[in-house]
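Content type mmCIF, C-alpha atoms and all ligand atoms, from the file run35.cif:
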data_input
#
loop_
_atom_site.label_atom_id
_atom_site.label_comp_id
_atom_site.auth_asym_id
_atom_site.auth_seq_id
_atom_site.Cartn_x
_atom_site.Cartn_y
_atom_site.Cartn_z
CA MET E 1 102.20 134.59 81.73
CA THR E 2 100.54 131.68 79.94
CA SER E 3 97.75 129.91 81.66
CA ARG E 4 95.97 126.55 81.31
CA SER E 5 93.33 124.45 83.02
CA VAL E 6 94.08 121.64 85.47
CA GLU E 7 92.97 119.10 82.84
CA ASP E 8 95.26 120.60 80.18
CA HIS E 9 98.27 120.62 82.50
CA ALA E 10 97.51 117.11 83.73
CA HIS E 11 97.34 116.01 80.09
CA ALA E 12 100.72 117.62 79.31
CA VAL E 13 102.23 115.93 82.37
CA ARG E 14 100.73 112.58 81.36
CA LEU E 15 102.19 112.81 77.85
CA LEU E 16 105.70 113.22 79.24
CA LEU E 17 105.34 110.75 82.10
CA ASP E 18 103.73 108.02 80.01
CA ARG E 19 107.03 107.58 78.18
CA ALA E 20 109.30 108.03 81.20
CA LEU E 21 107.24 105.80 83.46
CA ALA E 22 106.45 102.88 81.17
CA PRO E 23 105.44 99.88 83.30
CA ALA E 24 108.11 97.19 83.54
CA THR E 25 108.71 94.00 85.51
CA GLU E 26 111.52 93.14 87.88
CA HIS E 27 112.11 90.22 90.22
CA VAL E 28 112.56 90.85 93.93
CA PRO E 29 113.21 88.47 96.84
CA VAL E 30 110.01 87.44 98.63
CA PRO E 31 111.02 88.92 102.03
CA VAL E 32 111.36 92.44 100.56
CA ALA E 33 108.30 92.33 98.28
CA LEU E 34 105.92 93.91 100.82
CA GLY E 35 103.81 96.63 99.20
CA ARG E 36 104.94 95.76 95.69
CA VAL E 37 102.44 94.87 92.97
CA LEU E 38 102.52 91.49 91.22
CA ALA E 39 103.35 91.87 87.53
CA ALA E 40 102.16 88.38 86.57
CA ASP E 41 99.99 85.59 87.98
CA VAL E 42 102.05 83.42 90.32
CA HIS E 43 101.45 79.65 90.31
CA ALA E 44 102.11 77.21 93.13
CA PRO E 45 105.29 75.18 92.45
CA ILE E 46 104.27 72.50 94.96
CA ASP E 47 101.21 71.15 96.77
CA LEU E 48 100.48 72.56 100.20
CA PRO E 49 100.66 70.66 102.46
CA LEU E 50 103.26 68.77 100.50
CA PHE E 51 102.67 65.56 102.49
CA ARG E 52 99.86 64.19 104.65
CA ASN E 53 100.66 65.26 108.19
CA SER E 54 99.29 65.31 111.69
CA GLN E 55 97.24 68.18 113.07
CA MET E 56 97.76 67.03 116.68
CA ASP E 57 100.32 65.53 119.01
CA GLY E 58 98.99 62.01 119.56
CA PHE E 59 98.82 58.64 117.83
CA ALA E 60 98.31 57.90 114.13
CA VAL E 61 96.15 54.80 113.67
CA ALA E 62 93.69 53.24 111.24
CA ALA E 63 90.18 54.35 112.27
CA ASP E 64 89.03 50.77 111.69
CA SER E 65 91.31 49.52 114.46
CA LEU E 66 89.41 51.65 117.01
CA ARG E 67 86.15 49.73 116.82
CA GLY E 68 85.14 48.68 120.31
CA VAL E 69 87.14 51.32 122.24
CA PRO E 70 88.87 51.27 124.63
CA VAL E 71 91.43 49.55 122.40
CA THR E 72 95.06 48.84 123.21
CA LEU E 73 97.57 48.97 120.33
CA PRO E 74 101.35 48.42 120.24
CA ILE E 75 103.38 51.58 119.44
CA ALA E 76 105.46 50.77 116.37
CA ALA E 77 107.44 54.04 116.09
CA THR E 78 107.66 57.68 117.13
CA ILE E 79 107.62 60.40 114.43
CA ALA E 80 108.58 63.98 115.16
CA ALA E 81 108.02 66.96 112.84
CA GLY E 82 111.00 66.94 110.49
CA ASP E 83 111.31 63.10 110.54
CA ALA E 84 110.58 61.10 107.40
CA GLY E 85 108.93 58.41 109.59
CA PRO E 86 107.98 54.86 108.54
CA GLU E 87 106.34 54.59 105.12
CA ARG E 88 103.53 52.30 106.28
CA LEU E 89 101.64 51.62 109.47
CA ASP E 90 101.39 47.91 110.21
CA PRO E 91 97.73 46.95 110.69
CA GLY E 92 96.72 46.78 114.34
CA THR E 93 99.49 49.13 115.52
CA ALA E 94 99.84 52.84 116.27
CA VAL E 95 102.64 55.36 115.83
CA ARG E 96 103.32 58.13 118.29
CA ILE E 97 103.20 61.29 116.17
CA MET E 98 103.80 65.02 116.66
CA THR E 99 101.99 67.95 115.03
CA GLY E 100 103.33 68.46 111.50
CA ALA E 101 104.96 65.02 111.24
CA PRO E 102 104.14 62.86 108.18
CA VAL E 103 101.29 60.39 108.68
CA PRO E 104 102.35 56.96 107.35
CA ALA E 105 100.26 55.22 104.70
CA GLY E 106 97.76 52.92 106.35
CA ALA E 107 97.02 55.40 109.15
CA ASP E 108 93.94 57.49 108.41
CA CYS E 109 93.34 59.42 111.61
CA VAL E 110 95.18 60.85 114.59
CA VAL E 111 94.02 60.43 118.17
CA PRO E 112 95.10 63.43 120.30
CA VAL E 113 97.32 62.39 123.19
CA GLU E 114 94.74 63.61 125.74
CA ASP E 115 92.29 60.93 124.50
CA THR E 116 94.76 58.12 125.25
CA ASP E 117 96.70 56.39 128.02
CA SER E 118 100.12 55.13 127.04
CA ASP E 119 103.47 53.84 128.23
CA ASP E 120 106.61 53.36 126.14
CA ASP E 121 105.26 50.35 124.28
CA VAL E 122 101.46 50.46 124.09
CA VAL E 123 98.69 52.99 123.80
CA CYS E 124 95.13 52.60 125.02
CA VAL E 125 92.77 54.68 122.88
CA LEU E 126 89.72 55.74 124.84
CA VAL E 127 87.50 57.36 122.16
CA PRO E 128 86.73 56.37 118.55
CA ARG E 129 87.80 58.56 115.62
CA ARG E 130 86.50 58.99 112.09
CA ARG E 131 88.72 58.56 109.05
CA GLY E 132 90.58 61.74 108.24
CA GLU E 133 90.20 63.27 111.67
CA PHE E 134 93.23 65.44 112.60
CA VAL E 135 95.00 64.50 109.36
CA ARG E 136 95.98 67.36 107.01
CA ASP E 137 95.83 65.97 103.48
CA ARG E 138 98.35 66.68 100.79
CA GLY E 139 97.14 69.58 98.64
CA SER E 140 94.27 70.44 101.00
CA ASP E 141 95.37 74.10 100.94
CA VAL E 142 96.62 74.51 97.38
CA HIS E 143 97.62 72.28 94.46
CA ALA E 144 100.80 72.61 92.40
CA GLY E 145 99.93 74.68 89.33
CA ASP E 146 97.07 76.58 90.98
CA VAL E 147 97.17 80.37 90.68
CA LEU E 148 98.28 81.55 94.10
CA LEU E 149 97.71 85.22 93.41
CA ALA E 150 96.74 87.22 90.35
CA ALA E 151 98.74 89.94 88.60
CA GLY E 152 97.89 93.36 89.95
CA THR E 153 97.67 92.37 93.61
CA GLU E 154 99.41 94.64 96.10
CA LEU E 155 101.44 92.37 98.34
CA THR E 156 100.66 92.20 102.05
CA PRO E 157 102.29 90.13 104.82
CA ARG E 158 99.76 87.31 104.39
CA HIS E 159 100.61 87.04 100.69
CA LEU E 160 104.32 86.85 101.49
CA ALA E 161 103.59 84.11 104.05
CA MET E 162 101.99 82.03 101.29
CA PHE E 163 104.86 82.57 98.84
CA ALA E 164 107.39 81.65 101.52
CA ALA E 165 105.37 78.52 102.37
CA VAL E 166 105.58 77.23 98.79
CA GLY E 167 109.30 77.96 98.74
CA LEU E 168 109.37 80.74 96.17
CA THR E 169 112.49 82.88 96.42
CA ALA E 170 111.65 85.75 94.08
CA LEU E 171 108.49 87.36 92.67
CA PRO E 172 107.75 89.25 89.45
CA VAL E 173 106.66 92.72 90.47
CA ARG E 174 106.06 96.03 88.77
CA ARG E 175 109.10 98.23 88.86
CA ARG E 176 108.92 101.27 91.09
CA PRO E 177 109.32 104.63 89.37
CA ARG E 178 112.55 106.29 90.52
CA VAL E 179 111.88 109.85 91.55
CA ALA E 180 114.28 112.66 92.47
CA VAL E 181 113.22 115.52 94.71
CA ILE E 182 114.84 118.96 94.81
CA ALA E 183 113.54 121.65 97.15
CA THR E 184 114.72 125.15 96.31
CA GLY E 185 114.90 128.35 98.31
CA ALA E 186 117.64 130.41 99.98
CA GLU E 187 115.62 130.41 103.20
CA LEU E 188 115.57 126.65 103.66
CA VAL E 189 117.55 124.78 106.27
CA PRO E 190 117.20 121.20 107.45
CA ALA E 191 115.66 120.28 110.80
CA GLY E 192 118.35 120.00 113.46
CA THR E 193 119.94 123.32 112.42
CA ALA E 194 119.49 126.54 114.42
CA LEU E 195 117.37 129.02 112.44
CA ALA E 196 118.95 132.36 111.55
CA PRO E 197 116.53 135.29 111.03
CA GLY E 198 114.49 134.77 107.86
CA GLN E 199 115.25 131.07 107.63
CA ILE E 200 112.67 128.27 107.82
CA TYR E 201 112.84 124.51 108.00
CA ASP E 202 112.50 122.72 104.67
CA SER E 203 109.34 120.64 104.76
CA ASN E 204 108.74 120.12 101.03
CA SER E 205 111.57 117.68 100.41
CA THR E 206 110.25 115.48 103.22
CA ALA E 207 106.67 115.88 102.00
CA LEU E 208 107.48 114.99 98.41
CA ALA E 209 109.82 112.11 99.24
CA ALA E 210 107.20 110.59 101.55
CA SER E 211 104.50 111.08 98.92
CA VAL E 212 106.64 109.26 96.36
CA THR E 213 107.13 106.32 98.71
CA ALA E 214 103.46 106.26 99.67
CA ASN E 215 102.50 105.93 96.03
CA GLY E 216 104.76 103.07 94.99
CA GLY E 217 107.79 105.10 93.93
CA GLU E 218 111.41 104.87 94.96
CA VAL E 219 113.14 108.03 96.13
CA ALA E 220 116.30 108.10 94.02
CA PHE E 221 117.67 111.44 95.15
CA VAL E 222 116.71 114.22 97.60
CA ASP E 223 118.52 117.51 97.95
CA ARG E 224 118.02 121.15 98.72
CA SER E 225 119.25 123.98 96.51
CA THR E 226 119.71 127.65 97.23
CA ASP E 227 118.65 130.19 94.61
CA SER E 228 122.04 129.80 92.88
CA PRO E 229 121.47 128.73 89.26
CA GLU E 230 124.86 126.96 89.20
CA LEU E 231 124.04 124.91 92.26
CA PHE E 232 120.55 124.06 91.02
CA ARG E 233 121.84 123.15 87.54
CA ASP E 234 124.44 120.84 89.06
CA MET E 235 121.86 119.22 91.34
CA LEU E 236 119.47 118.76 88.43
CA ALA E 237 122.18 117.02 86.40
CA ARG E 238 122.73 114.55 89.24
CA ALA E 239 118.99 114.09 89.73
CA THR E 240 118.32 113.32 86.05
CA GLU E 241 121.13 110.74 86.07
CA SER E 242 119.50 108.70 88.79
CA ALA E 243 115.77 109.17 88.27
CA ASP E 244 112.92 108.60 85.81
CA VAL E 245 111.27 111.83 86.89
CA VAL E 246 112.32 114.86 88.92
CA LEU E 247 110.06 116.87 91.23
CA THR E 248 111.13 120.36 92.26
CA SER E 249 109.52 122.76 94.72
CA GLY E 250 109.72 126.54 94.83
CA GLY E 251 111.27 129.07 92.50
CA VAL E 252 108.53 129.12 89.87
CA SER E 253 106.49 132.27 90.39
CA MET E 254 107.04 135.97 89.67
CA GLY E 255 109.80 137.03 92.09
CA GLU E 256 113.41 138.05 91.52
CA PHE E 257 115.04 134.77 92.48
CA GLU E 258 113.02 132.08 90.74
CA VAL E 259 115.87 129.65 90.18
CA VAL E 260 113.79 126.80 88.81
CA ARG E 261 112.06 128.92 86.20
CA GLU E 262 115.31 130.73 85.29
CA VAL E 263 117.26 127.54 84.71
CA LEU E 264 114.54 125.48 83.04
CA THR E 265 112.87 128.03 80.73
CA PRO E 266 115.93 128.22 78.43
CA LEU E 267 115.88 124.40 78.30
CA GLY E 268 112.41 124.53 76.73
CA GLY E 269 110.38 124.32 79.94
CA TRP E 270 106.78 125.49 80.12
CA PHE E 271 106.21 127.85 83.04
CA GLY E 272 102.86 129.40 83.57
CA HIS E 273 99.71 129.51 85.61
CA VAL E 274 97.32 126.61 86.07
CA SER E 275 93.83 127.75 87.02
CA MET E 276 93.81 126.08 90.40
CA GLN E 277 94.35 127.09 93.99
CA PRO E 278 96.60 126.16 95.64
CA GLY E 279 99.17 125.15 93.04
CA GLY E 280 98.69 127.99 90.55
CA PRO E 281 102.27 128.51 89.34
CA GLN E 282 103.58 125.34 87.67
CA GLY E 283 106.40 124.24 85.41
CA LEU E 284 107.01 121.27 83.15
CA THR E 285 110.27 120.55 81.36
CA GLU E 286 112.02 117.60 79.76
CA VAL E 287 115.74 117.52 80.54
CA GLY E 288 117.66 114.89 78.61
CA GLY E 289 114.50 112.79 78.30
CA VAL E 290 113.66 113.09 82.01
CA PRO E 291 110.46 114.96 82.88
CA VAL E 292 110.86 117.65 85.53
CA LEU E 293 107.65 118.68 87.29
CA SER E 294 108.09 122.00 89.04
CA PHE E 295 105.67 122.67 91.85
CA PRO E 296 105.19 125.97 93.69
CA GLY E 297 107.00 126.30 97.00
CA ASN E 298 104.17 126.90 99.44
CA PRO E 299 103.92 123.64 101.42
CA VAL E 300 100.23 123.09 100.70
CA SER E 301 100.70 124.02 97.04
CA THR E 302 103.52 121.51 96.68
CA LEU E 303 101.53 118.66 98.18
CA VAL E 304 98.32 119.46 96.31
CA SER E 305 100.32 119.64 93.06
CA PHE E 306 101.77 116.21 93.80
CA GLU E 307 98.32 114.76 94.47
CA VAL E 308 96.81 116.22 91.32
CA PHE E 309 99.63 115.78 88.78
CA ALA E 310 102.19 113.23 90.00
CA ARG E 311 100.26 110.76 92.12
CA PRO E 312 98.11 109.21 89.38
CA GLU E 313 101.15 108.69 87.11
CA LEU E 314 103.38 107.16 89.78
CA ARG E 315 100.62 104.78 90.85
CA ARG E 316 99.97 103.72 87.28
CA CYS E 317 103.66 102.90 86.76
CA ALA E 318 103.87 101.03 90.07
CA GLY E 319 100.69 99.09 89.22
CA LEU E 320 98.76 100.53 92.16
CA ALA E 321 95.04 101.08 91.69
CA PRO E 322 94.03 104.68 91.12
CA LEU E 323 92.47 106.17 94.21
CA PRO E 324 88.73 106.05 93.64
CA ALA E 325 86.87 109.31 93.18
CA ASP E 326 84.63 109.92 96.16
CA HIS E 327 81.84 112.27 97.06
CA ALA E 328 80.57 113.74 100.32
CA LYS E 329 78.04 116.26 101.61
CA LEU E 330 79.29 119.63 102.80
CA THR E 331 78.50 120.35 106.46
CA GLY E 332 78.49 124.12 105.88
CA PRO E 333 78.52 126.77 103.15
CA LEU E 334 81.66 127.85 101.30
CA GLU E 335 82.78 130.38 98.74
CA SER E 336 85.27 129.92 95.94
CA PRO E 337 86.84 132.45 93.53
CA PRO E 338 85.55 132.21 89.95
CA GLY E 339 87.75 130.71 87.24
CA ARG E 340 89.90 128.66 89.61
CA ARG E 341 89.54 125.08 90.64
CA GLN E 342 89.88 125.03 94.41
CA PHE E 343 91.36 122.18 96.38
CA LEU E 344 90.24 122.97 99.90
CA ARG E 345 91.39 121.03 102.91
CA GLY E 346 88.60 119.05 104.50
CA ARG E 347 88.00 116.45 107.15
CA ARG E 348 85.44 113.70 107.08
CA VAL E 349 82.89 113.76 109.88
CA PRO E 350 79.82 111.54 110.37
CA GLN E 351 77.59 114.14 108.65
CA GLY E 352 79.85 114.50 105.58
CA VAL E 353 82.89 116.67 105.06
CA THR E 354 83.85 119.84 106.90
CA LEU E 355 86.39 122.54 106.02
CA GLU E 356 89.58 122.13 108.01
CA SER E 357 91.21 125.46 107.21
CA GLY E 358 91.09 128.61 105.16
CA PRO E 359 92.57 128.65 101.66
CA GLY E 360 96.09 129.87 102.67
CA SER E 361 98.70 127.65 101.05
CA HIS E 362 101.16 128.10 103.94
CA LEU E 363 98.82 126.24 106.35
CA VAL E 364 100.83 123.05 106.59
CA ALA E 365 99.63 122.05 110.06
CA ALA E 366 96.00 122.42 108.96
CA LEU E 367 96.82 120.19 105.99
CA ALA E 368 98.10 117.58 108.42
CA ARG E 369 94.75 117.68 110.24
CA ALA E 370 92.83 117.28 106.98
CA ASP E 371 92.12 113.89 105.45
CA VAL E 372 90.59 114.93 102.12
CA LEU E 373 90.89 117.63 99.49
CA ILE E 374 87.53 119.15 98.59
CA ASP E 375 87.50 119.72 94.83
CA ILE E 376 85.45 122.78 93.82
CA PRO E 377 85.06 123.22 90.04
CA GLU E 378 86.26 126.41 88.34
CA ASP E 379 82.78 127.75 87.61
CA VAL E 380 81.36 127.25 91.13
CA THR E 381 81.53 130.26 93.44
CA THR E 382 79.18 129.37 96.31
CA MET E 383 78.04 126.12 97.86
CA GLN E 384 75.60 125.34 100.64
CA ALA E 385 75.48 122.87 103.51
CA GLY E 386 74.25 119.54 102.15
CA ASP E 387 75.66 120.09 98.64
CA ASP E 388 77.51 117.16 97.13
CA VAL E 389 81.25 117.71 96.55
CA ARG E 390 84.00 115.60 95.05
CA VAL E 391 86.70 114.70 97.58
CA TRP E 392 90.20 113.31 97.07
CA GLN E 393 91.53 111.00 99.73
CA LEU E 394 94.78 112.30 101.21
N1 LIG E 401 103.58 138.52 92.47
C1 LIG E 401 103.21 137.26 92.62
N2 LIG E 401 103.65 136.59 93.67
C2 LIG E 401 103.29 135.33 93.88
C3 LIG E 401 102.40 134.70 92.98
C4 LIG E 401 101.96 135.42 91.87
O1 LIG E 401 101.20 134.94 91.03
N3 LIG E 401 102.40 136.69 91.73
N4 LIG E 401 101.99 133.43 93.23
C5 LIG E 401 101.97 133.04 94.61
C6 LIG E 401 101.66 131.64 94.73
S1 LIG E 401 100.09 131.21 94.42
C7 LIG E 401 102.59 130.74 95.12
S2 LIG E 401 102.12 129.13 95.39
C8 LIG E 401 103.97 131.08 95.34
C9 LIG E 401 104.86 130.14 94.58
O2 LIG E 401 106.12 130.64 94.60
P1 LIG E 401 107.40 129.80 94.31
O3 LIG E 401 107.12 128.49 93.74
O4 LIG E 401 108.33 130.66 93.58
O5 LIG E 401 107.88 129.45 95.76
P2 LIG E 401 108.81 130.25 96.70
O6 LIG E 401 108.66 131.70 96.45
O7 LIG E 401 110.14 129.66 96.63
O8 LIG E 401 108.14 129.89 98.08
C10 LIG E 401 106.82 130.20 98.38
C11 LIG E 401 106.61 130.04 99.88
O9 LIG E 401 106.82 128.69 100.24
C12 LIG E 401 107.87 128.55 101.19
N5 LIG E 401 108.68 127.39 100.87
C13 LIG E 401 109.33 127.22 99.71
N6 LIG E 401 109.98 126.03 99.73
C14 LIG E 401 109.72 125.47 100.91
C15 LIG E 401 110.12 124.27 101.51
N7 LIG E 401 110.92 123.39 100.88
N8 LIG E 401 109.67 123.96 102.75
C16 LIG E 401 108.87 124.84 103.40
N9 LIG E 401 108.44 126.01 102.87
C17 LIG E 401 108.88 126.34 101.65
C18 LIG E 401 108.67 129.84 101.01
O10 LIG E 401 109.43 130.15 102.14
C19 LIG E 401 107.58 130.83 100.69
O11 LIG E 401 106.95 131.26 101.88
O12 LIG E 401 104.25 132.38 94.93
C20 LIG E 401 103.26 133.35 95.33
N10 LIG E 401 103.74 134.64 94.98
O1 LIG E 402 98.76 128.68 94.01
MO1 LIG E 402 99.59 129.16 95.34
O2 LIG E 402 99.92 127.55 95.07
O3 LIG E 402 97.91 129.42 95.85
O4 LIG E 402 99.59 129.15 96.98
#

Write out the structure in this file as structure tokens.
Amino acid sequence: MTSRSVEDHAHAVRLLLDRALAPATEHVPVPVALGRVLAADVHAPIDLPLFRNSQMDGFAVAADSLRGVPVTLPIAATIAAGDAGPERLDPGTAVRIMTGAPVPAGADCVVPVEDTDSDDDVVCVLVPRRRGEFVRDRGSDVHAGDVLLAAGTELTPRHLAMFAAVGLTALPVRRRPRVAVIATGAELVPAGTALAPGQIYDSNSTALAASVTANGGEVAFVDRSTDSPELFRDMLARATESADVVLTSGGVSMGEFEVVREVLTPLGGWFGHVSMQPGGPQGLTEVGGVPVLSFPGNPVSTLVSFEVFARPELRRCAGLAPLPADHAKLTGPLESPPGRRQFLRGRRVPQGVTLESGPGSHLVAALARADVLIDIPEDVTTMQAGDDVRVWQL
């Protein structure tokens, strides 16, 4: 069986995925752009606020007319939010105005209603006001033409609020890589089905699909194959039709029923051993121009393989920032086999990082309790409490 380092396999994956996952731009409606990444700077099409308007329910007046308060002024009009209102305020008068309503030219401040006494026709203003008080000026938030948000920003609800406020309907965003997921194994059944002896619930298809979504991808296809080559071949054909990249789990190691390896090797796939644990047995094939990454079936192996090989490429295509490399201090000693890069499951604690489980790649519940992978280099066999280790955020 051929064997290669993590770096060499990651390089081979990158070569294939670089072509398949070339960044591209698409336009999506603002309300569904949450989590997407801007592909270009977006400029404001209008000023915000677009017109001078009142910050309070009260009376719009000229500040000059309030000298010598209390002052009584005739009420010339009432303006609600949504009204155009009179263009000008006649000197020596007031207009009754609601929050958000346009302030007429000639008025330069708003007196809140609680600082006045009024009837239908006149208002008595009890306190003086400075010019500009409680008036929201045109363009005081943003000016037409200003950059609202720069390319590369991951969109959050507050960003969408701003785009909606300036009336944009669609945004240029990075396309999401379309990913197909196929879990293989005769023993797999979906949750909700009674388990016959020897059967287990399929967790890898859920794990991989969720990982794709969490890293800016779009799940184009998810299915489960038995060990039948015909069934897997047929599923693969459908997957490659709808996706930029296919992820498979299981069926890659040394057993009798390794459907993924059996079907993909004759198509030119590389199947071999990557010097890492978990995630040793790996496959990489191009089927009709679509890269197929084949991960080992153990649940921890599948997820670690995704983190190491697929996650950086999907995030790059989606425009998401790479997850920063981090370091932490070990809280206790550990041992690691020589010649294999170990990705141990760890949990951050105030003192550093602690091991969450043993190395078994079936320990899916322990993986759920972990929040980092502890990355032990190939040539390191023992480490002590207090040693610095590289950790990958899960
Ligand atoms: N003789 C050897 N045997 C094995 C080797 C080896 O080098 N020589 N490598 C071991 C390692 S390491 C791994 S990892 C596995 C990988 O095997 P496969 O990719 O062929 O995976 P399967 O045999 O199909 O499954 C392994 C394990 O994982 C469970 N599984 C599979 N799919 C799912 C799923 N969708 N959801 C939940 N659990 C799944 C499956 O039931 C097995 O227990 O091979 C070792 N063997
Ligand atoms: O490499 Mo396997 O992926 O250790 O369990």

task = With a distance cut-off of 12 Å and all atoms listed in the file, select the neighbouring residues of range 154-163 of chain E, excluding the residue or stretch itself and same-chain residues fewer than 5 positions from it, and output the selection as a ChimeraX atom specification.
result = /E:28-40,42-49,141-142,147-149,168-174,215-216,315,318-321

For those residues, write C-alpha atoms to a file as a compact mmCIF listing (two decimals), in the coordinates of the input.
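For reference, out25.txt as written:
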# COMPACT_ATOMS: atom_id res chain seq x y z
CA VAL E 28 112.56 90.85 93.93
CA PRO E 29 113.21 88.47 96.84
CA VAL E 30 110.01 87.44 98.63
CA PRO E 31 111.02 88.92 102.03
CA VAL E 32 111.36 92.44 100.56
CA ALA E 33 108.30 92.33 98.28
CA LEU E 34 105.92 93.91 100.82
CA GLY E 35 103.81 96.63 99.20
CA ARG E 36 104.94 95.76 95.69
CA VAL E 37 102.44 94.87 92.97
CA LEU E 38 102.52 91.49 91.22
CA ALA E 39 103.35 91.87 87.53
CA ALA E 40 102.16 88.38 86.57
CA VAL E 42 102.05 83.42 90.32
CA HIS E 43 101.45 79.65 90.31
CA ALA E 44 102.11 77.21 93.13
CA PRO E 45 105.29 75.18 92.45
CA ILE E 46 104.27 72.50 94.96
CA ASP E 47 101.21 71.15 96.77
CA LEU E 48 100.48 72.56 100.20
CA PRO E 49 100.66 70.66 102.46
CA ASP E 141 95.37 74.10 100.94
CA VAL E 142 96.62 74.51 97.38
CA VAL E 147 97.17 80.37 90.68
CA LEU E 148 98.28 81.55 94.10
CA LEU E 149 97.71 85.22 93.41
CA LEU E 168 109.37 80.74 96.17
CA THR E 169 112.49 82.88 96.42
CA ALA E 170 111.65 85.75 94.08
CA LEU E 171 108.49 87.36 92.67
CA PRO E 172 107.75 89.25 89.45
CA VAL E 173 106.66 92.72 90.47
CA ARG E 174 106.06 96.03 88.77
CA ASN E 215 102.50 105.93 96.03
CA GLY E 216 104.76 103.07 94.99
CA ARG E 315 100.62 104.78 90.85
CA ALA E 318 103.87 101.03 90.07
CA GLY E 319 100.69 99.09 89.22
CA LEU E 320 98.76 100.53 92.16
CA ALA E 321 95.04 101.08 91.69

Residue among E:Phe257, E:Pro128, E:Asp57, E:Leu267 lying closest to Ile97 in chain E, counting all atoms listed in the file =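 With all atoms listed in the file as the atom set, the closest residue is E:Asp57.
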
query = Looking at only C-alpha atoms and all ligand atoms, which of E:Val287, E:His273, E:Ile374, E:Val391 is the one that sits closest to ligand LIG 402 (chain E)?
reply =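 Looking at the shortest contact to ligand LIG 402 (chain E), the residue is E:His273.
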
message = Which residues are near ligand LIG 401 (chain E) in this structure, taking near to mean any atom at most 7 Å from a ligand atom and counting all atoms listed in the file? Format them as number ranges by chain.
response = E: 183-185, 187-188, 200-205, 249-255, 258, 278-281, 295-299, 301, 361-362

key: Two-atom distance - CA of Gln277 in chain E, CA of Leu344 in chain E (Å)   =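 Between these atoms lies a distance of 8.3 Å.
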
request  = Please return, as a ChimeraX atom specification, all polymer residues that have at least one atom within 7 Å of the point (116.8, 110.7, 90.5); use only C-alpha atoms and the file's own coordinate frame.
outcome  = /E:178-180,220-221,239-246

Please dump the current selection as a short mmCIF file (atom, residue, chain, number, x, y, z; two decimals), in the frame of the given file; keep C-alpha atoms.
data_model
loop_
_atom_site.label_atom_id
_atom_site.label_comp_id
_atom_site.auth_asym_id
_atom_site.auth_seq_id
_atom_site.Cartn_x
_atom_site.Cartn_y
_atom_site.Cartn_z
CA ARG E 178 112.55 106.29 90.52
CA VAL E 179 111.88 109.85 91.55
CA ALA E 180 114.28 112.66 92.47
CA ALA E 220 116.30 108.10 94.02
CA PHE E 221 117.67 111.44 95.15
CA ALA E 239 118.99 114.09 89.73
CA THR E 240 118.32 113.32 86.05
CA GLU E 241 121.13 110.74 86.07
CA SER E 242 119.50 108.70 88.79
CA ALA E 243 115.77 109.17 88.27
CA ASP E 244 112.92 108.60 85.81
CA VAL E 245 111.27 111.83 86.89
CA VAL E 246 112.32 114.86 88.92
#

key: Polymer residues at most 8 Å from Ala325 in chain E, all atoms listed in the file, same-chain spacing of 2 or more positions, as an MDAnalysis selection string   = chainID E and resid 323 327 390:392

ask   = Of the candidates E:Leu195, E:Ser225, E:Arg311, E:Leu66, which one gets nearest to Thr213 in chain E if we count all atoms listed in the file?
value =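 Checking each candidate against Thr213 in chain E, we get E:Arg311 as the closest.
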
query = Which residue out of E:Gly217, E:Gly386, E:Pro190, E:Gly272 has the minimum interatomic distance to Val6 in chain E when all atoms listed in the file are used?
reply = E:Gly272

inquiry  = Let me make sure I understand: among E:Ala328, E:Ser336, E:Gly145, E:Leu363, which one has the smallest atom-to-atom distance to Asp41 in chain E if we use only C-alpha atoms?
reply    =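 For Asp41 in chain E, the nearest of the candidates is E:Gly145.
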
query = Separation of CA of Val113 in chain E and CA of Arg136 in chain E, in Å?
reply =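 Distance between the two atoms: 17.0 Å.
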
task = Would you mind telling me which residue in E:Pro333, E:Asp146, E:Thr302, E:Cys317 lies nearest to ligand LIG 402 (chain E) when using only C-alpha atoms and all ligand atoms?
result =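 Closest residue, counting only C-alpha atoms and all ligand atoms: E:Thr302.
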
Show me, as AutoDock Vina command-line options, the centre and edge lengths in Å to one decimal of the axis-aligned box that covers every listed atom of range 83-92 of chain E with 6 Å on each side.
--center_x 104.0 --center_y 54.9 --center_z 109.7 --size_x 26.6 --size_y 28.3 --size_z 21.2

query = How many Å lie between CA of Pro291 in chain E and CA of Ala20 in chain E, rounded to one decimal?
reply = 7.2 Å

query = Near Leu21 in chain E, counting only C-alpha atoms, which residues have an atom at most 7 Å away, once you skip same-chain residues fewer than 2 positions from it, shown as an MDAnalysis selection string?
reply = chainID E and resid 17:19 23 177 244 317

Within 7 Å of Gly269 in chain E, counting all atoms listed in the file, which residues qualify if same-chain residues fewer than 6 places away don't, as a PDB file with C-alpha atoms, keeping the file's coordinate frame?
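Everything below was put into result39.pdb:
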ATOM      1  CA  GLY E 283     106.400 124.240  85.410  1.00  0.00           C
ATOM      2  CA  LEU E 284     107.010 121.270  83.150  1.00  0.00           C
ATOM      3  CA  THR E 285     110.270 120.550  81.360  1.00  0.00           C
ATOM      4  CA  GLU E 286     112.020 117.600  79.760  1.00  0.00           C
TER       5      GLU E 286
END

request  = Mind checking which residues fall within 10 Å of Asp371 in chain E, counting all atoms listed in the file, ignoring those fewer than 6 positions away in the same chain, and posting them as a ChimeraX atom specification?
outcome  = /E:345-348,353,356,391-394
